[in-house]
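Undergrad: Take a look at the following structure, please.
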Amino acid sequence: MPTSHNRKGISKAVLIGVIVVVVVVVAVGAYFAVTYHPKPTAPSPPPTTTNVTKPTVTVVSNQTITLAPPNPNELIDLTDVASPDCLDPATGFWTMDEPIFNVVYQELVTWNGSDYFHAVPMLATNWTVSPDYKHYIFTLRQGVYFTDGEPFNATVVWFSFYRTIIMGQGPGVSNYGSLLFHMSVYSQTGYAIPWGACHALAYATGNNAYISNATLCAYALANVLSNFNVNNATIQKMMSYPNQAIVVLSPYEVEFNLIHPYMYFLLDIASWWGAVVPPAYVDAHGGVQPNTPNSYLCQYGMPGTGPYEIQSVTGTPGEFTEIVLKINPNYWGNNYPSGSLPVLDQPAHIQIIDLKISESHTNRVELFAENQAQFSYVSSPFLSQVYSAWSPYNQYLPPTAIVHENPELTPECIMMFSMNTQRWPTNITDFRLAIEYAINYTALLYTYYSPLLNTTLATYYLGPFTPINPSLYNPDNLPFYSYNPNLAIEYLNESGWEGDFYTVLPNGTVIGNPNGQKLPSIPIYVIPPVTPQLEEQLEIVSQDLNQIGIPTAVSYVTTSEYDSWTSPSVQW
């Protein structure tokens, strides 16, 4: 639902009226065998009739129905209904990227699976944090290699983070601004440069021009990263310079120095924008350019240190149709006793994972029902269709085995509208409020109703943080927006006078400034594919807005187009 930034002092959360969707994953095959073991039921005896002699039956063996995939070493996953936008963790910034990034690339620390406020070791074995939360020193794991054979060490960490920042893409800019680079410098010069890096260049080369010329510094740093030779004395001198964002202290020790204290920094770098990547491979495949993604690495990815590696891709970024992952036989975690590592560090067990992306609804139902895929996804109204398609196994598979709904589990997906607060007319607070009160949230919630479970698989979401951290979620106990068309019309009328426009209600009433311009159609941009459920939601929103005199038009954009919307002046 809508999100906006209020500018009249009205205390509302950033995410307003958002529906949280529990992503329903339907598992079969080996997973079913592990999670559900029905008690065998003896067949009912045939009815007894006269003049019928019952034969003597010798039971040779009990029949066993095995619900298993055709190839137990291969997992077929149909759950992605949209494509990853890039296979480079320094650029990819889309929900669909995360599952791939999580198993191919790794970070210094990772999430504690049972306590999201704390991190556990991954590529760092331990760390120390200064009392003011500005300095973090990591001791790195030894004996780790990328799948192309490159060794992991402290210089790789320096390279990876500086690369992510100087590339100026969403992951680096959104997560390290005011921590590892100055946002003021970025806004003035257009370059995200790790703080102190220009002084480090000047110190290592003797050229003080890097300190005063951001463009010169940015391209010089990119050149260092594109020709990264750890045996080069100048590069070594630069990485050891103490007054910069990241300092290489020794081959397996690295220090992060933050601009501002931040006690949650470990949780920040636990996500994929903290992933380390192999310098030699990057340099051999396009290198590093300021404010520029690497198109080759977006297309094909690169070697990682994780339990899986990318075997093949079909399609292009934003329009991938299949991505195949294969197990990393040389994964460092294989050398540890079973169960001794944190859950996200543990080795893989399935040889091949085949991600079939954006399959049609029909294929997602049929391939699952025919036992050709272990994971599939359908919108909640179609759960009964999946269940019916699996008719040969109905006596063995009750609905609760298909979908396990645990009220204590946190939601996995957030659906929302975003509004540009810098472009007319959504830069008018009252206009945004009109939209927020015009939408029937109950009707939207009902699109997540499951006839199979007789419940709605979604709930309202307010924020500003996710419910996964209850202490940070809606700390002010703000109420949700309500469906109130009359109040929406009042706000729209006020915004019409403020924005010098008018519109006409379905009954012919003119609201706003009748001497202003007529309100044009407001575009709603959507990233395909559009499921029947999403079509229904868009129809509800469009009808609700038309009811108060806001005409709309749905337009489709690719993830690559969406990723280019980095300033308020763009089309959205």
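Identifiers in the structure tokens: chain A, B, ... in order shown; residue index from 1 per chain; ligand index from 1 in order shown.
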Got a sec to tell me which of segment 83-125 of chain A DSSP assigns to alpha helix (DSSP H), as a list in words?

TA: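 For segment 83-125 of chain A, the alpha helix (DSSP H) set is Glu98, Pro99, Ile100, Phe101, Asn102, Val103 and Val104 of chain A.
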
Undergrad: Please, could you write that set of residues out with N, CA and C atoms as a short mmCIF file (atom, residue, chain, number, x, y, z; two decimals), in the first residue's frame?

TA:
```cif
data_model
loop_
_atom_site.label_atom_id
_atom_site.label_comp_id
_atom_site.auth_asym_id
_atom_site.auth_seq_id
_atom_site.Cartn_x
_atom_site.Cartn_y
_atom_site.Cartn_z
N GLU A 98 18.47 -12.30 -3.22
CA GLU A 98 18.98 -12.70 -1.91
C GLU A 98 19.23 -14.20 -1.76
N PRO A 99 18.31 -15.08 -2.18
CA PRO A 99 18.58 -16.51 -1.98
C PRO A 99 19.86 -16.98 -2.68
N ILE A 100 20.14 -16.43 -3.86
CA ILE A 100 21.36 -16.81 -4.59
C ILE A 100 22.58 -16.24 -3.89
N PHE A 101 22.52 -14.96 -3.52
CA PHE A 101 23.65 -14.33 -2.85
C PHE A 101 24.00 -15.06 -1.55
N ASN A 102 22.97 -15.54 -0.84
CA ASN A 102 23.19 -16.14 0.47
C ASN A 102 23.98 -17.43 0.42
N VAL A 103 23.93 -18.15 -0.69
CA VAL A 103 24.62 -19.44 -0.76
C VAL A 103 25.87 -19.41 -1.63
N VAL A 104 26.03 -18.37 -2.45
CA VAL A 104 27.21 -18.28 -3.32
C VAL A 104 28.29 -17.41 -2.70
#
```

Undergrad: Extract, using only C-alpha atoms, all DNA, RNA and protein residues at most 8 Å from His182 of chain A, discarding same-chain residues fewer than 3 positions from it, and format them as a list in words.

TA: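 My reading of the contact set: Gly177, Ser178, Leu179, Val185, Tyr186, Ala192, Ile193, Pro194, Trp195 and Ile259 of chain A.
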
Undergrad: Neighbours of Ile489 of chain A within 9 Å (only C-alpha atoms; same-chain residues fewer than 6 positions away dropped), as a list in words?

TA: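 Answer for this query is Ala434, Tyr437, Ala438, Ile511, Ile548 and Gly549 of chain A.
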
Undergrad: Pick from A:Ala369, A:Ala245, A:Leu492, A:Ile540: nearest to Leu383 of chain A, with only C-alpha atoms counted?

TA: A:Ala369

Undergrad: Please return, as a VMD selection string, all residues of segment 173-319 of chain A that DSSP assigns to strand (DSSP E) on the basis of the backbone.

TA: chain A and resid 246 to 250 253 to 257 308 to 314

Undergrad: Please build the interface table for segment 61-171 of chain A against segment 214-224 of chain A with a cut-off of 12 Å, listing for each qualifying residue the nearest atom pair and the distance in Å to one decimal; count only C-alpha atoms, order rows by chain and increasing number, and write it as a tab-separated table.

TA:
```
residue	atom	partner	partner_atom	distance
A:Trp158	CA	A:Val224	CA	11.7
A:Phe159	CA	A:Val224	CA	9.3
A:Ser160	CA	A:Ala222	CA	11.8
A:Tyr162	CA	A:Leu221	CA	8.5
A:Arg163	CA	A:Ala222	CA	7.5
A:Thr164	CA	A:Ala222	CA	10.7
A:Ile165	CA	A:Ala222	CA	10.4
A:Ile166	CA	A:Ala218	CA	7.0
A:Met167	CA	A:Ala222	CA	8.4
A:Gly168	CA	A:Ala218	CA	10.6
```

Undergrad: For segment 71-80 of chain A, please output as JSON, numbers by chain all residues within 8 Å (counting only C-alpha atoms; exclusion window: fewer than 2 positions along the same chain).

TA: {"A": [25, 30, 68, 69, 82, 83, 96, 350, 351, 352, 353, 354, 355, 356, 357, 358, 359, 364, 372, 373, 374, 375, 376, 377]}

Undergrad: Write to file, as a tab-separated table (two decimals), in the first residue's frame, the residues of the selection just made, with N, CA and C atoms.

TA:
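Wrote it out as out.tsv, contents follow:
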```tsv
chain	number	residue	atom	x	y	z
A	25	VAL	N	5.33	-21.54	0.71
A	25	VAL	CA	6.19	-22.47	0.00
A	25	VAL	C	5.64	-23.87	0.20
A	30	ALA	N	11.71	-35.22	-0.87
A	30	ALA	CA	12.52	-35.54	0.30
A	30	ALA	C	12.11	-34.71	1.49
A	68	ALA	N	9.16	-38.70	-3.74
A	68	ALA	CA	10.54	-38.26	-3.91
A	68	ALA	C	10.71	-37.73	-5.32
A	69	PRO	N	11.62	-36.79	-5.51
A	69	PRO	CA	11.86	-36.25	-6.85
A	69	PRO	C	12.52	-37.30	-7.74
A	82	ALA	N	9.62	-13.73	-10.14
A	82	ALA	CA	10.29	-12.60	-10.76
A	82	ALA	C	11.78	-12.89	-10.78
A	83	SER	N	12.48	-12.23	-11.67
A	83	SER	CA	13.89	-12.53	-11.89
A	83	SER	C	14.81	-11.68	-11.02
A	96	MET	N	14.60	-10.89	-5.11
A	96	MET	CA	14.86	-12.18	-5.75
A	96	MET	C	16.35	-12.52	-5.79
A	350	ILE	N	22.64	-30.91	-1.12
A	350	ILE	CA	22.01	-31.23	-2.41
A	350	ILE	C	22.97	-30.82	-3.52
A	351	GLN	N	23.22	-31.71	-4.45
A	351	GLN	CA	24.25	-31.46	-5.46
A	351	GLN	C	23.89	-30.31	-6.40
A	352	ILE	N	22.67	-30.27	-6.86
A	352	ILE	CA	22.24	-29.29	-7.86
A	352	ILE	C	20.96	-28.62	-7.39
A	353	ILE	N	20.90	-27.29	-7.50
A	353	ILE	CA	19.67	-26.55	-7.27
A	353	ILE	C	19.32	-25.82	-8.56
A	354	ASP	N	18.18	-26.16	-9.11
A	354	ASP	CA	17.73	-25.59	-10.39
A	354	ASP	C	16.59	-24.62	-10.11
A	355	LEU	N	16.88	-23.33	-10.28
A	355	LEU	CA	15.88	-22.29	-10.06
A	355	LEU	C	15.23	-21.96	-11.40
A	356	LYS	N	13.99	-22.39	-11.57
A	356	LYS	CA	13.24	-22.08	-12.79
A	356	LYS	C	12.38	-20.85	-12.48
A	357	ILE	N	12.67	-19.78	-13.17
A	357	ILE	CA	12.17	-18.46	-12.80
A	357	ILE	C	11.01	-18.04	-13.70
A	358	SER	N	10.02	-17.44	-13.07
A	358	SER	CA	8.87	-16.87	-13.79
A	358	SER	C	8.12	-17.92	-14.60
A	359	GLU	N	8.06	-19.14	-14.08
A	359	GLU	CA	7.22	-20.15	-14.72
A	359	GLU	C	5.75	-19.71	-14.64
A	364	ARG	N	3.66	-24.07	-12.56
A	364	ARG	CA	3.98	-24.17	-11.14
A	364	ARG	C	3.06	-25.15	-10.43
A	372	GLN	N	7.59	-33.26	-10.17
A	372	GLN	CA	8.77	-32.87	-10.92
A	372	GLN	C	9.51	-31.71	-10.25
A	373	ALA	N	8.94	-31.13	-9.23
A	373	ALA	CA	9.56	-30.01	-8.52
A	373	ALA	C	9.26	-30.15	-7.04
A	374	GLN	N	10.25	-29.82	-6.22
A	374	GLN	CA	10.07	-29.94	-4.78
A	374	GLN	C	9.49	-28.68	-4.14
A	375	PHE	N	9.74	-27.52	-4.75
A	375	PHE	CA	9.22	-26.27	-4.23
A	375	PHE	C	8.43	-25.57	-5.32
A	376	SER	N	7.29	-25.02	-4.92
A	376	SER	CA	6.50	-24.24	-5.86
A	376	SER	C	5.80	-23.13	-5.10
A	377	TYR	N	5.19	-22.24	-5.85
A	377	TYR	CA	4.49	-21.12	-5.22
A	377	TYR	C	3.24	-20.81	-6.02
```

Undergrad: What's around Phe465 of chain A at 9 Å? Count only C-alpha atoms, leave out sequence neighbours fewer than 5 positions away in its own chain, and write the answer as a PyMOL selection string.

TA: chain A and resi 15+470+472-474

Undergrad: Between atom CA of Leu87 of chain A and atom CA of Pro171 of chain A, what is the spacing in Å?

TA: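 Atom-to-atom, atom CA of Pro171 of chain A and atom CA of Leu87 of chain A are spaced 12.7 Å apart.
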
Undergrad: With distances taken over only C-alpha atoms, which residue among A:Val526, A:Ile310, A:Leu444, A:Val254 lies nearest Phe417 of chain A?

TA: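 The closest residue to Phe417 of chain A is A:Val526.
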
Undergrad: Can you tell me which residues surround segment 227-232 of chain A at a distance of at most 9 Å, considering only C-alpha atoms, apart from same-chain residues fewer than 6 positions away, and format the answer as a list in words?

TA: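 Once the adjacent positions are removed, what remains is Thr155, Phe159, Pro279, Ala280, Asp283 and Gly287 of chain A.
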